[in-house]
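Quick look at work_27.txt (compact mmCIF, C-alpha atoms and all ligand atoms):
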```
# COMPACT_ATOMS: atom_id res chain seq x y z
CA MET N 216 0.00 0.00 0.00
CA ARG N 217 1.12 3.53 -0.70
CA LEU N 218 0.82 6.17 2.02
CA GLU N 219 -2.14 7.85 0.31
CA GLU N 220 -4.12 4.59 0.39
CA ILE N 221 -4.04 4.25 4.20
CA ASP N 222 -7.42 4.83 5.82
CA THR N 223 -7.50 7.42 8.59
CA PRO N 224 -7.10 8.28 11.41
CA ALA N 225 -3.99 6.09 11.54
CA LEU N 226 -0.82 6.08 13.61
CA LEU N 227 2.12 6.28 11.22
CA LEU N 228 5.60 5.19 12.20
CA ASP N 229 8.50 6.10 9.93
CA LEU N 230 10.82 3.11 10.31
CA ASP N 231 13.94 4.85 8.97
CA VAL N 232 13.62 7.64 11.55
CA LEU N 233 12.74 5.19 14.34
CA ASP N 234 15.84 3.16 13.52
CA ARG N 235 18.05 6.27 13.51
CA ASN N 236 16.64 7.38 16.87
CA VAL N 237 17.16 3.98 18.49
CA ARG N 238 20.73 3.80 17.13
CA ARG N 239 21.57 7.34 18.11
CA MET N 240 20.58 6.87 21.76
CA ALA N 241 22.38 3.51 21.91
CA GLU N 242 25.56 5.06 20.46
CA VAL N 243 25.54 7.96 22.92
CA VAL N 244 24.83 5.93 26.05
CA THR N 245 26.66 2.67 25.39
CA THR N 246 29.93 4.53 24.83
CA THR N 247 29.75 5.65 28.49
CA ALA N 248 29.84 3.60 31.69
CA VAL N 249 26.10 4.20 32.13
CA LEU N 250 23.55 1.55 31.16
CA LEU N 251 20.57 2.23 28.90
CA ARG N 252 17.13 1.04 29.99
CA PRO N 253 14.59 2.78 27.72
CA HIS N 254 11.07 3.36 28.98
CA ALA N 255 8.66 1.11 27.07
CA LYS N 256 5.58 3.06 28.20
CA THR N 257 6.21 5.31 25.19
CA HIS N 258 5.85 2.59 22.54
CA LYS N 259 4.07 -0.23 24.41
CA CYS N 260 5.46 -2.63 21.83
CA PRO N 261 7.72 -5.66 22.49
CA LEU N 262 9.03 -5.48 18.89
CA ILE N 263 10.49 -2.03 19.54
CA ALA N 264 11.80 -3.14 22.95
CA HIS N 265 13.67 -6.01 21.26
CA HIS N 266 15.17 -3.55 18.78
CA GLN N 267 16.40 -1.34 21.65
CA ILE N 268 17.89 -4.34 23.48
CA ALA N 269 19.55 -5.68 20.33
CA LEU N 270 21.39 -2.35 20.06
CA GLY N 271 22.67 -2.40 23.63
CA ALA N 272 19.89 -1.63 26.12
CA VAL N 273 20.11 -3.85 29.22
CA GLY N 274 16.35 -4.20 29.43
CA VAL N 275 13.40 -1.80 29.50
CA CYS N 276 11.21 0.06 31.97
CA ALA N 277 7.45 -0.36 32.30
CA ALA N 278 4.98 1.91 34.06
CA LYS N 279 2.49 -0.71 35.22
CA VAL N 280 2.35 -4.44 36.01
CA SER N 281 -0.05 -5.09 33.13
CA GLU N 282 2.37 -3.32 30.76
CA ALA N 283 5.22 -5.45 32.10
CA GLU N 284 3.12 -8.57 31.48
CA ILE N 285 2.73 -7.75 27.77
CA LEU N 286 6.47 -7.19 27.52
CA VAL N 287 7.25 -10.49 29.27
CA ASN N 288 4.81 -12.31 26.98
CA GLY N 289 6.65 -10.69 24.10
CA GLY N 290 9.93 -12.19 25.29
CA ILE N 291 11.50 -9.34 27.29
CA LYS N 292 13.48 -10.74 30.22
CA ASP N 293 14.57 -7.72 32.26
CA ILE N 294 12.09 -5.03 33.31
CA LEU N 295 12.10 -2.25 35.88
CA ILE N 296 8.62 -1.10 36.90
CA THR N 297 9.31 2.56 37.60
CA ASN N 298 6.37 2.85 39.99
CA GLU N 299 5.04 1.76 43.35
CA ILE N 300 2.77 -1.28 43.03
CA VAL N 301 -0.03 -1.29 45.57
CA GLY N 302 -2.85 -3.74 46.39
CA ALA N 303 -3.08 -7.52 46.76
CA THR N 304 -4.23 -8.20 43.20
CA LYS N 305 -1.41 -6.25 41.59
CA LEU N 306 1.20 -7.65 43.97
CA ALA N 307 0.19 -11.24 43.15
CA HIS N 308 0.33 -10.35 39.46
CA LEU N 309 3.80 -8.88 39.94
CA ALA N 310 5.05 -11.95 41.82
CA ALA N 311 3.70 -14.31 39.16
CA LEU N 312 5.54 -12.33 36.47
CA ALA N 313 8.71 -12.28 38.55
CA ARG N 314 8.84 -16.07 38.19
CA GLU N 315 9.29 -15.64 34.45
CA ALA N 316 11.60 -12.64 34.13
CA ARG N 317 13.66 -10.25 36.23
CA ILE N 318 11.06 -7.74 37.41
CA ALA N 319 12.32 -4.95 39.66
CA VAL N 320 9.95 -2.49 41.29
CA CYS N 321 10.11 0.83 43.15
CA ALA N 322 8.88 1.50 46.70
CA ASP N 323 8.53 4.56 48.92
CA ASP N 324 6.57 3.22 51.90
CA PRO N 325 7.33 0.70 54.71
CA GLU N 326 3.91 -1.00 54.56
CA ASN N 327 4.24 -1.47 50.83
CA VAL N 328 7.70 -2.99 51.36
CA GLN N 329 6.18 -5.36 53.93
CA ALA N 330 3.44 -6.34 51.44
CA LEU N 331 6.07 -6.92 48.72
CA ASN N 332 8.01 -9.14 51.10
CA ASP N 333 4.90 -11.13 52.06
CA VAL N 334 3.95 -11.83 48.45
CA ALA N 335 7.53 -12.75 47.53
CA LEU N 336 7.64 -15.29 50.38
CA ASP N 337 4.20 -16.68 49.34
CA PHE N 338 5.48 -17.19 45.81
CA GLY N 339 8.87 -18.49 46.94
CA ILE N 340 10.81 -15.80 45.07
CA ARG N 341 13.01 -12.76 45.82
CA ILE N 342 11.96 -9.46 44.30
CA PRO N 343 14.50 -6.72 43.53
CA VAL N 344 13.24 -3.45 45.03
CA LEU N 345 14.56 0.09 44.46
CA VAL N 346 13.89 2.95 46.82
CA GLU N 347 12.31 5.80 44.91
CA VAL N 348 13.87 9.07 46.04
CA ASN N 349 12.14 12.42 45.54
CA VAL N 350 14.85 14.55 43.93
CA GLY N 351 12.58 17.47 43.06
CA GLY N 352 9.62 16.16 41.07
CA ASP N 353 7.37 16.00 44.15
CA ARG N 354 5.51 12.97 42.86
CA CYS N 355 6.36 9.63 44.47
CA GLY N 356 9.48 9.01 46.52
CA VAL N 357 10.91 9.36 50.02
CA GLY N 358 13.24 12.21 50.84
CA PRO N 359 16.95 11.84 50.03
CA GLY N 360 19.36 10.85 52.82
CA GLU N 361 17.95 9.41 56.07
CA PRO N 362 14.40 8.54 54.84
CA ALA N 363 15.90 6.61 51.91
CA LEU N 364 18.35 4.87 54.25
CA THR N 365 15.52 3.76 56.56
CA LEU N 366 13.55 2.18 53.69
CA ALA N 367 16.65 0.61 52.10
CA THR N 368 17.54 -0.95 55.47
CA GLN N 369 14.06 -2.49 55.68
CA ILE N 370 14.32 -3.85 52.14
CA ALA N 371 17.82 -5.23 52.71
CA SER N 372 16.65 -7.08 55.83
CA SER N 373 13.51 -8.56 54.17
CA THR N 374 14.20 -12.18 53.22
CA GLY N 375 11.86 -12.09 50.19
CA LEU N 376 13.43 -8.93 48.76
CA TYR N 377 16.79 -7.53 47.88
CA PHE N 378 17.85 -3.93 47.71
CA ALA N 379 18.44 -3.14 44.04
CA GLY N 380 19.30 0.56 44.18
CA ILE N 381 17.56 3.92 44.01
CA GLN N 382 15.39 5.60 41.41
CA ALA N 383 16.00 9.37 41.17
CA TYR N 384 13.81 10.44 38.25
CA TYR N 385 13.09 14.16 37.91
CA GLY N 386 10.08 14.43 35.56
CA PRO N 387 9.41 18.18 35.41
CA ALA N 388 13.06 18.86 34.51
CA GLN N 389 12.61 17.02 31.18
CA HIS N 390 10.59 19.92 29.80
CA ILE N 391 12.60 22.89 31.07
CA ARG N 392 13.30 24.64 27.78
CA GLU N 393 16.59 26.44 28.56
CA PHE N 394 19.65 24.24 28.41
CA GLU N 395 21.47 25.60 31.48
CA ARG N 396 18.37 25.59 33.69
CA ARG N 397 17.65 21.99 32.66
CA ARG N 398 21.24 21.00 33.37
CA THR N 399 21.31 22.78 36.74
CA ALA N 400 18.07 21.08 37.80
CA ILE N 401 19.49 17.64 37.08
CA LEU N 402 22.90 18.29 38.62
CA GLY N 403 21.03 19.43 41.78
CA ALA N 404 18.98 16.22 41.73
CA ALA N 405 22.15 14.20 41.18
CA GLU N 406 23.67 15.75 44.32
CA LYS N 407 20.70 14.48 46.34
CA ALA N 408 21.20 11.03 44.81
CA ARG N 409 24.95 11.17 45.57
CA ARG N 410 24.35 12.12 49.20
CA THR N 411 21.91 9.23 49.52
CA VAL N 412 24.29 6.69 47.99
CA GLU N 413 27.12 7.84 50.28
CA LEU N 414 24.89 7.50 53.33
CA LEU N 415 23.80 4.01 52.27
CA GLU N 416 27.39 2.89 51.69
CA ALA N 417 28.49 4.42 55.02
CA ASN N 418 25.83 2.24 56.66
CA GLY N 419 27.01 -0.91 54.93
CA ILE N 420 24.31 -1.00 52.23
CA HIS N 421 25.76 -1.31 48.77
CA CYS N 422 23.74 0.63 46.17
CA PRO N 423 24.13 -1.23 42.87
CA CYS N 424 22.01 1.09 40.73
CA VAL N 425 21.05 4.75 40.46
CA THR N 426 18.46 5.06 37.71
CA GLY N 427 16.53 7.99 36.21
CA GLY N 428 16.61 10.48 33.36
CA GLY N 429 14.47 10.96 30.29
CA THR N 430 14.82 12.25 26.74
CA GLY N 431 15.21 15.84 27.94
CA THR N 432 17.98 15.24 30.47
CA TYR N 433 19.73 11.88 30.01
CA ARG N 434 23.00 13.59 29.04
CA PHE N 435 23.08 15.41 32.39
CA GLU N 436 22.41 12.26 34.41
CA ILE N 437 25.33 10.68 32.55
CA GLU N 438 27.50 13.78 33.11
CA SER N 439 26.78 13.74 36.88
CA GLY N 440 28.84 10.58 37.38
CA ILE N 441 26.40 9.23 39.98
CA PHE N 442 23.73 7.66 37.76
CA THR N 443 24.48 4.12 36.62
CA GLU N 444 21.45 3.84 34.30
CA VAL N 445 19.19 6.13 32.25
CA GLN N 446 15.59 5.51 31.21
CA PRO N 447 14.61 7.78 28.26
CA GLY N 448 11.43 6.89 26.43
CA SER N 449 10.10 9.55 24.04
CA TYR N 450 13.31 9.75 21.95
CA VAL N 451 12.14 6.80 19.85
CA PHE N 452 9.27 8.86 18.38
CA MET N 453 9.65 12.49 19.51
CA ASP N 454 6.84 15.05 19.69
CA LEU N 455 6.21 18.79 19.51
CA ASP N 456 6.79 19.29 23.20
CA TYR N 457 10.28 17.79 23.10
CA GLY N 458 10.88 19.70 19.89
CA LYS N 459 10.82 22.91 21.99
CA ASN N 460 13.77 22.00 24.27
CA VAL N 461 16.82 24.13 23.51
CA GLN N 462 20.38 22.76 23.19
CA GLU N 463 23.62 24.27 24.41
CA ASP N 464 24.19 26.03 21.06
CA GLY N 465 20.68 27.56 21.10
CA SER N 466 19.21 25.14 18.54
CA VAL N 467 16.18 23.05 19.44
CA LEU N 468 16.69 19.48 20.65
CA GLU N 469 17.72 17.87 17.41
CA ASP N 470 19.38 14.63 18.44
CA PHE N 471 16.29 12.73 17.38
CA GLY N 472 13.94 12.93 14.40
CA GLN N 473 10.15 12.92 14.23
CA ALA N 474 9.16 9.28 13.64
CA LEU N 475 5.52 9.31 14.78
CA PHE N 476 2.59 10.96 13.02
CA VAL N 477 -1.18 10.82 13.10
CA TYR N 478 -2.48 10.52 9.56
CA ALA N 479 -5.77 12.36 8.97
CA THR N 480 -8.19 13.23 6.16
CA VAL N 481 -9.83 16.57 5.36
CA MET N 482 -13.55 15.79 5.73
CA SER N 483 -15.06 19.26 5.35
CA ARG N 484 -14.17 22.72 3.98
CA SER N 485 -17.00 24.57 5.66
CA ALA N 486 -15.39 28.01 5.23
CA ARG N 487 -12.74 29.46 2.92
CA ASP N 488 -10.10 29.59 5.65
CA ARG N 489 -11.28 26.50 7.55
CA ALA N 490 -10.73 22.77 7.06
CA ILE N 491 -12.00 20.01 9.31
CA LEU N 492 -10.05 16.82 9.89
CA ASP N 493 -11.32 13.41 10.97
CA ALA N 494 -8.73 13.39 13.81
CA GLY N 495 -9.77 14.98 17.10
CA GLU N 496 -9.14 14.04 20.72
CA LYS N 497 -9.78 10.34 20.08
CA ALA N 498 -6.86 10.30 17.64
CA VAL N 499 -4.31 12.70 19.08
CA CYS N 500 -3.51 13.73 22.67
CA VAL N 501 -3.76 17.50 23.17
CA THR N 502 -2.80 17.68 26.86
CA LEU N 503 0.52 19.37 26.06
CA GLY N 504 -0.78 21.41 23.12
CA MET N 505 -2.33 21.07 19.68
CA PRO N 506 -0.63 18.94 17.03
CA GLN N 507 1.22 20.57 14.16
CA VAL N 508 0.43 20.03 10.50
CA TYR N 509 3.55 18.47 9.00
CA GLY N 510 5.08 20.33 6.06
CA MET N 511 2.41 23.10 5.98
CA PRO N 512 3.53 26.01 8.20
CA ASP N 513 0.63 28.18 6.99
CA VAL N 514 -1.98 25.67 8.17
CA GLU N 515 -2.68 25.63 11.91
CA TYR N 516 -4.48 22.98 13.94
CA VAL N 517 -6.33 25.29 16.33
CA ARG N 518 -8.89 23.15 18.11
CA ALA N 519 -9.67 19.52 18.81
CA SER N 520 -13.13 18.28 19.61
CA VAL N 521 -13.69 14.63 20.32
CA GLU N 522 -14.02 13.49 16.69
CA HIS N 523 -12.86 16.55 14.72
CA GLY N 524 -9.79 18.70 14.29
CA ASN N 525 -10.20 22.35 13.23
CA LEU N 526 -7.60 23.78 10.89
CA ILE N 527 -7.17 27.46 10.00
CA LEU N 528 -5.63 28.16 6.60
CA HIS N 529 -3.56 31.32 7.01
CA ASP N 530 -2.53 31.51 3.36
CA PRO N 531 -5.46 32.22 0.98
CA GLU N 532 -3.47 30.51 -1.79
CA ARG N 533 -3.27 27.23 0.12
CA VAL N 534 -5.11 24.39 -1.63
CA LEU N 535 -6.46 21.77 0.74
CA SER N 536 -9.24 19.68 -0.73
CA ILE N 537 -11.81 17.40 0.82
CA GLY N 538 -10.33 13.89 0.87
CA GLU N 539 -6.75 15.14 1.07
CA LYS N 540 -4.64 13.33 3.68
CA ILE N 541 -2.14 15.07 5.89
CA ARG N 542 0.28 14.17 8.66
CA LEU N 543 0.05 15.62 12.17
CA ILE N 544 2.95 15.80 14.61
CA PRO N 545 1.44 15.01 18.03
CA GLY N 546 1.98 17.43 20.92
CA TYR N 547 2.63 14.44 23.22
CA CYS N 548 3.63 11.10 21.73
CA ASP N 549 3.12 8.79 24.71
CA PRO N 550 -0.66 9.07 25.29
CA THR N 551 -1.28 9.46 21.55
CA VAL N 552 0.13 5.96 20.98
CA ASN N 553 -2.29 4.60 23.58
CA LEU N 554 -5.21 5.70 21.34
CA PHE N 555 -4.35 3.22 18.57
CA ASP N 556 -4.25 -0.57 18.16
CA TRP N 557 -1.61 -0.58 15.41
CA TYR N 558 1.40 1.25 14.13
CA VAL N 559 1.22 1.56 10.37
CA CYS N 560 4.95 1.30 9.69
CA ILE N 561 6.08 3.18 6.61
CA ARG N 562 9.34 3.45 4.74
CA ARG N 563 9.84 5.92 1.90
CA GLY N 564 6.13 6.41 1.27
CA SER N 565 4.97 2.78 1.41
CA VAL N 566 3.57 0.57 4.14
CA GLU N 567 6.13 -2.00 5.23
CA ALA N 568 4.46 -3.58 8.26
CA LEU N 569 1.73 -3.35 10.87
CA TRP N 570 2.99 -3.58 14.45
CA PRO N 571 0.57 -3.96 17.35
CA VAL N 572 0.50 -1.39 20.14
CA ALA N 573 0.45 -4.54 22.22
CA ALA N 574 0.19 -2.89 25.65
CA ARG N 575 -2.46 -0.41 24.58
CA GLY N 576 -4.79 0.14 27.52
CA ALA N 577 -2.49 -1.77 29.90
CA VAL N 578 -2.93 0.81 32.64
CA ARG N 579 -3.34 -1.42 35.68
C1 LIG T 601 9.94 7.21 35.72
C2 LIG T 601 10.11 7.64 34.30
N1 LIG T 601 11.26 7.36 33.66
C3 LIG T 601 11.47 7.70 32.38
C4 LIG T 601 10.50 8.36 31.64
C5 LIG T 601 10.77 8.65 30.19
O1 LIG T 601 10.77 9.99 29.91
P1 LIG T 601 10.68 10.56 28.42
O2 LIG T 601 9.54 9.91 27.73
O3 LIG T 601 10.46 11.98 28.68
O4 LIG T 601 11.97 10.23 27.79
C6 LIG T 601 9.29 8.70 32.26
C7 LIG T 601 8.26 9.45 31.53
O5 LIG T 601 7.32 9.99 32.02
C8 LIG T 601 9.08 8.31 33.61
O6 LIG T 601 7.93 8.58 34.26
```

What's the structure tokens form of this structure?
Amino acid sequence: MRLEEIDTPALLLDLDVLDRNVRRMAEVVTTTAVLLRPHAKTHKCPLIAHHQIALGAVGVCAAKVSEAEILVNGGIKDILITNEIVGATKLAHLAALAREARIAVCADDPENVQALNDVALDFGIRIPVLVEVNVGGDRCGVGPGEPALTLATQIASSTGLYFAGIQAYYGPAQHIREFERRRTAILGAAEKARRTVELLEANGIHCPCVTGGGTGTYRFEIESGIFTEVQPGSYVFMDLDYGKNVQEDGSVLEDFGQALFVYATVMSRSARDRAILDAGEKAVCVTLGMPQVYGMPDVEYVRASVEHGNLILHDPERVLSIGEKIRLIPGYCDPTVNLFDWYVCIRRGSVEALWPVAARGAVR
């Protein structure tokens, strides 16, 4: 099939750009002492996870147990769940998976650690647990230093668990636009992680892993010298939001190319300067801003309703006919992927494959 023949809305994945992005990250990280563990919540696809691992990633991250399950079923053997897992049902699910693959998990609460230990003993396994440390994001995580030491001591003395390190992920820093401010935020977070590791070691607890970092900051986590692993996700696809981050030389973040698009059709031309697309909120996530029309700077996607996208044509000369198909660059790639069952994989204008978004809807 040629691109123009694809029915819409569809999630397009440019395989050449995807491949370049995966290689580029692997080249940058694997030439350092830091390990690469990409976040699979971006793509939700074991095929892409295998590609990342084949090029040097040690394993992947997952956000949820159900997401980890899809990855394990797809043959992935080493997964870090970058979240706290709470509740008997989820813990039993986690323990069952941990019989089949290495599944590490984060914790920030003593009762949760106790529950993890109980389920591990029930299942006759040992679960690797990382202490999540709040290094500035104010989401999950215990404070750096003493609070982290207290939880790590509990984990290390639980016979069903072993202490696998700390997670020091700083989410809001990923999207700080200015280079120096982004770098300063991460180097500050890294200091908190360093202080915590030193305190652990001084108390006889070896910290084998310090993990964190995303597409916006992974270079700074590497530069800090304290992180042993980075977990970028969005770099595989990119989106408009990441396209706004500025590099040291003042250019926008250009390490990675735009691989992901939503393909849409013009379904109405109800006014001279207006075109309506068949791709609204059910086809593209607008939480971080409207999508951009690819290759048409004079056409603006101004509003999404549930089923429709409103375009304004700023150039009266612009021809955009009913039935015409256009590409949109999503504002936010991660939740956009979760709206589709399939990637329509294209290479140089033709469809090469269909890949399932296998963990679509795996939010438990
Ligand atoms: C814990 C954690 N690690 C890594 C990432 C990947 O970040 P990004 O997709 O910005 O590269 C995320 C994204 O939200 C995350 O929550």

Kindly indicate which residue among N:Asn418, N:Gln507, N:Thr245, N:Ser449 lies nearest to ligand LIG 601 (chain T), using all atoms listed in the file for the distances.
N:Ser449

Residue neighbourhood range 521-529 of chain N, 6 Å, all atoms listed in the file, exclusion window fewer than 3 positions, as a ChimeraX atom specification
/N:488-497,513-518

What gap, in Å, lies between CA of Ala335 in chain N and CA of Pro362 in chain N?
23.5 Å

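Across N:Leu309, N:Leu376, N:Val451, N:Leu233, the tightest approach to ligand LIG 601 (chain T) is made by N:Val451 when counting all atoms listed in the file.
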
Check every protein, DNA and RNA residue against ligand LIG 601 (chain T), keep those with an atom at most 7 Å away (counting only C-alpha atoms and all ligand atoms), and present them as a ChimeraX atom specification.
/N:254,257,297,384,386,389,427-431,446-450

Store the residues picked out above in a file with C-alpha atoms, as a PDB file, keeping the file's coordinate frame.
```pdb
ATOM      1  CA  HIS N 254      11.070   3.360  28.980  1.00  0.00           C
ATOM      2  CA  THR N 257       6.210   5.310  25.190  1.00  0.00           C
ATOM      3  CA  THR N 297       9.310   2.560  37.600  1.00  0.00           C
ATOM      4  CA  TYR N 384      13.810  10.440  38.250  1.00  0.00           C
ATOM      5  CA  GLY N 386      10.080  14.430  35.560  1.00  0.00           C
ATOM      6  CA  GLN N 389      12.610  17.020  31.180  1.00  0.00           C
ATOM      7  CA  GLY N 427      16.530   7.990  36.210  1.00  0.00           C
ATOM      8  CA  GLY N 428      16.610  10.480  33.360  1.00  0.00           C
ATOM      9  CA  GLY N 429      14.470  10.960  30.290  1.00  0.00           C
ATOM     10  CA  THR N 430      14.820  12.250  26.740  1.00  0.00           C
ATOM     11  CA  GLY N 431      15.210  15.840  27.940  1.00  0.00           C
ATOM     12  CA  GLN N 446      15.590   5.510  31.210  1.00  0.00           C
ATOM     13  CA  PRO N 447      14.610   7.780  28.260  1.00  0.00           C
ATOM     14  CA  GLY N 448      11.430   6.890  26.430  1.00  0.00           C
ATOM     15  CA  SER N 449      10.100   9.550  24.040  1.00  0.00           C
ATOM     16  CA  TYR N 450      13.310   9.750  21.950  1.00  0.00           C
TER      17      TYR N 450
END
```

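CA of Gly510 in chain N to CA of His266 in chain N spans 28.9 Å [interatomic distance, one decimal].
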
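Nearest to Lys407 in chain N of all the residues N:Met453, N:Ile300, N:Leu503, N:Val348 is N:Val348, based on all atoms listed in the file.
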
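Straight-line separation from CA of Gly375 in chain N to CA of Ile318 in chain N: 13.5 Å.
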
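Taking all atoms listed in the file into account, the residues near (15.7, 13.6, 18.4), no farther than 10 Å, are Val232, Leu233, Arg235, Asn236, Val237, Arg239, Met240, Thr430, Gly431, Ser449, Tyr450, Val451, Phe452, Met453, Asp454, Tyr457, Gly458, Val467, Leu468, Glu469, Asp470, Phe471, Gly472, Gln473 and Ala474 of chain N.
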
Tell me which of N:Ile291, N:Ala574, N:Ala498, N:Ala307 sits closest to Tyr478 in chain N, counting all atoms listed in the file.
N:Ala498

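Of the residues listed (N:Val249, N:Glu436, N:Arg579, N:Tyr558), N:Tyr558 shows the shortest atom-to-atom separation from Leu262 in chain N; distances use only C-alpha atoms.
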
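Each of N:Ala404, N:Leu227, N:Ile381, N:Ala486 was checked against Pro545 in chain N using all atoms listed in the file; the smallest atom-to-atom distance is that of N:Leu227.
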
I'd like the box whose edges run along x, y and z of the file and which contains every listed atom of range 517-524 of chain N, padded by 6 Å per side; could you state its centre and edge lengths in Å, one decimal, as JSON?
```
{"center_x": -10.2, "center_y": 19.4, "center_z": 17.3, "size_x": 19.7, "size_y": 23.8, "size_z": 18.0}
```

With a distance cut-off of 10 Å and all atoms listed in the file, select the neighbouring residues of Ala400 in chain N, excluding the residue or stretch itself and same-chain residues fewer than 3 positions from it, and output the selection as a PyMOL selection string.
chain N and resi 350-351+385+387-389+391+395-397+403-405+432+435

For the residues selected in the previous step, produce a file with C-alpha atoms as a PDB file, in the frame of the given file.
```pdb
ATOM      1  CA  VAL N 350      14.850  14.550  43.930  1.00  0.00           C
ATOM      2  CA  GLY N 351      12.580  17.470  43.060  1.00  0.00           C
ATOM      3  CA  TYR N 385      13.090  14.160  37.910  1.00  0.00           C
ATOM      4  CA  PRO N 387       9.410  18.180  35.410  1.00  0.00           C
ATOM      5  CA  ALA N 388      13.060  18.860  34.510  1.00  0.00           C
ATOM      6  CA  GLN N 389      12.610  17.020  31.180  1.00  0.00           C
ATOM      7  CA  ILE N 391      12.600  22.890  31.070  1.00  0.00           C
ATOM      8  CA  GLU N 395      21.470  25.600  31.480  1.00  0.00           C
ATOM      9  CA  ARG N 396      18.370  25.590  33.690  1.00  0.00           C
ATOM     10  CA  ARG N 397      17.650  21.990  32.660  1.00  0.00           C
ATOM     11  CA  GLY N 403      21.030  19.430  41.780  1.00  0.00           C
ATOM     12  CA  ALA N 404      18.980  16.220  41.730  1.00  0.00           C
ATOM     13  CA  ALA N 405      22.150  14.200  41.180  1.00  0.00           C
ATOM     14  CA  THR N 432      17.980  15.240  30.470  1.00  0.00           C
ATOM     15  CA  PHE N 435      23.080  15.410  32.390  1.00  0.00           C
TER      16      PHE N 435
END
```

Would you mind listing what lies within 12 Å of Glu326 in chain N as an MDAnalysis selection string, with only C-alpha atoms counted and same-chain residues fewer than 5 positions away left out?
chainID N and resid 299:302 331:333 366 369:370

From (28.6, 7.7, 36.9), in the file's coordinates, out to 10 Å: which residues are reached, counting only C-alpha atoms? Answer as a PDB file with C-alpha atoms, in the coordinates of the input.
```pdb
ATOM      1  CA  THR N 247      29.750   5.650  28.490  1.00  0.00           C
ATOM      2  CA  ALA N 248      29.840   3.600  31.690  1.00  0.00           C
ATOM      3  CA  VAL N 249      26.100   4.200  32.130  1.00  0.00           C
ATOM      4  CA  LEU N 250      23.550   1.550  31.160  1.00  0.00           C
ATOM      5  CA  VAL N 425      21.050   4.750  40.460  1.00  0.00           C
ATOM      6  CA  GLU N 436      22.410  12.260  34.410  1.00  0.00           C
ATOM      7  CA  ILE N 437      25.330  10.680  32.550  1.00  0.00           C
ATOM      8  CA  GLU N 438      27.500  13.780  33.110  1.00  0.00           C
ATOM      9  CA  SER N 439      26.780  13.740  36.880  1.00  0.00           C
ATOM     10  CA  GLY N 440      28.840  10.580  37.380  1.00  0.00           C
ATOM     11  CA  ILE N 441      26.400   9.230  39.980  1.00  0.00           C
ATOM     12  CA  PHE N 442      23.730   7.660  37.760  1.00  0.00           C
ATOM     13  CA  THR N 443      24.480   4.120  36.620  1.00  0.00           C
ATOM     14  CA  GLU N 444      21.450   3.840  34.300  1.00  0.00           C
TER      15      GLU N 444
END
```

Residues near Pro343 in chain N, anyone? I mean within 10 Å using only C-alpha atoms, not counting same-chain ones fewer than 2 positions away, as number ranges by chain.
N: 295, 313, 317-321, 331, 340-341, 345, 370-371, 375-380

Output C-alpha atoms for every residue in the selection just made, as a tab-separated table (two decimals), in the coordinates of the input.
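What ended up in result.tsv:
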```
chain	number	residue	atom	x	y	z
N	295	LEU	CA	12.10	-2.25	35.88
N	313	ALA	CA	8.71	-12.28	38.55
N	317	ARG	CA	13.66	-10.25	36.23
N	318	ILE	CA	11.06	-7.74	37.41
N	319	ALA	CA	12.32	-4.95	39.66
N	320	VAL	CA	9.95	-2.49	41.29
N	321	CYS	CA	10.11	0.83	43.15
N	331	LEU	CA	6.07	-6.92	48.72
N	340	ILE	CA	10.81	-15.80	45.07
N	341	ARG	CA	13.01	-12.76	45.82
N	345	LEU	CA	14.56	0.09	44.46
N	370	ILE	CA	14.32	-3.85	52.14
N	371	ALA	CA	17.82	-5.23	52.71
N	375	GLY	CA	11.86	-12.09	50.19
N	376	LEU	CA	13.43	-8.93	48.76
N	377	TYR	CA	16.79	-7.53	47.88
N	378	PHE	CA	17.85	-3.93	47.71
N	379	ALA	CA	18.44	-3.14	44.04
N	380	GLY	CA	19.30	0.56	44.18
```

Which residues are near Lys256 in chain N? Cut-off 8 Å, only C-alpha atoms, ignore same chain within fewer than 2 positions. Put them as an MDAnalysis selection string.
chainID N and resid 254 258:259 276:278 282 448 549
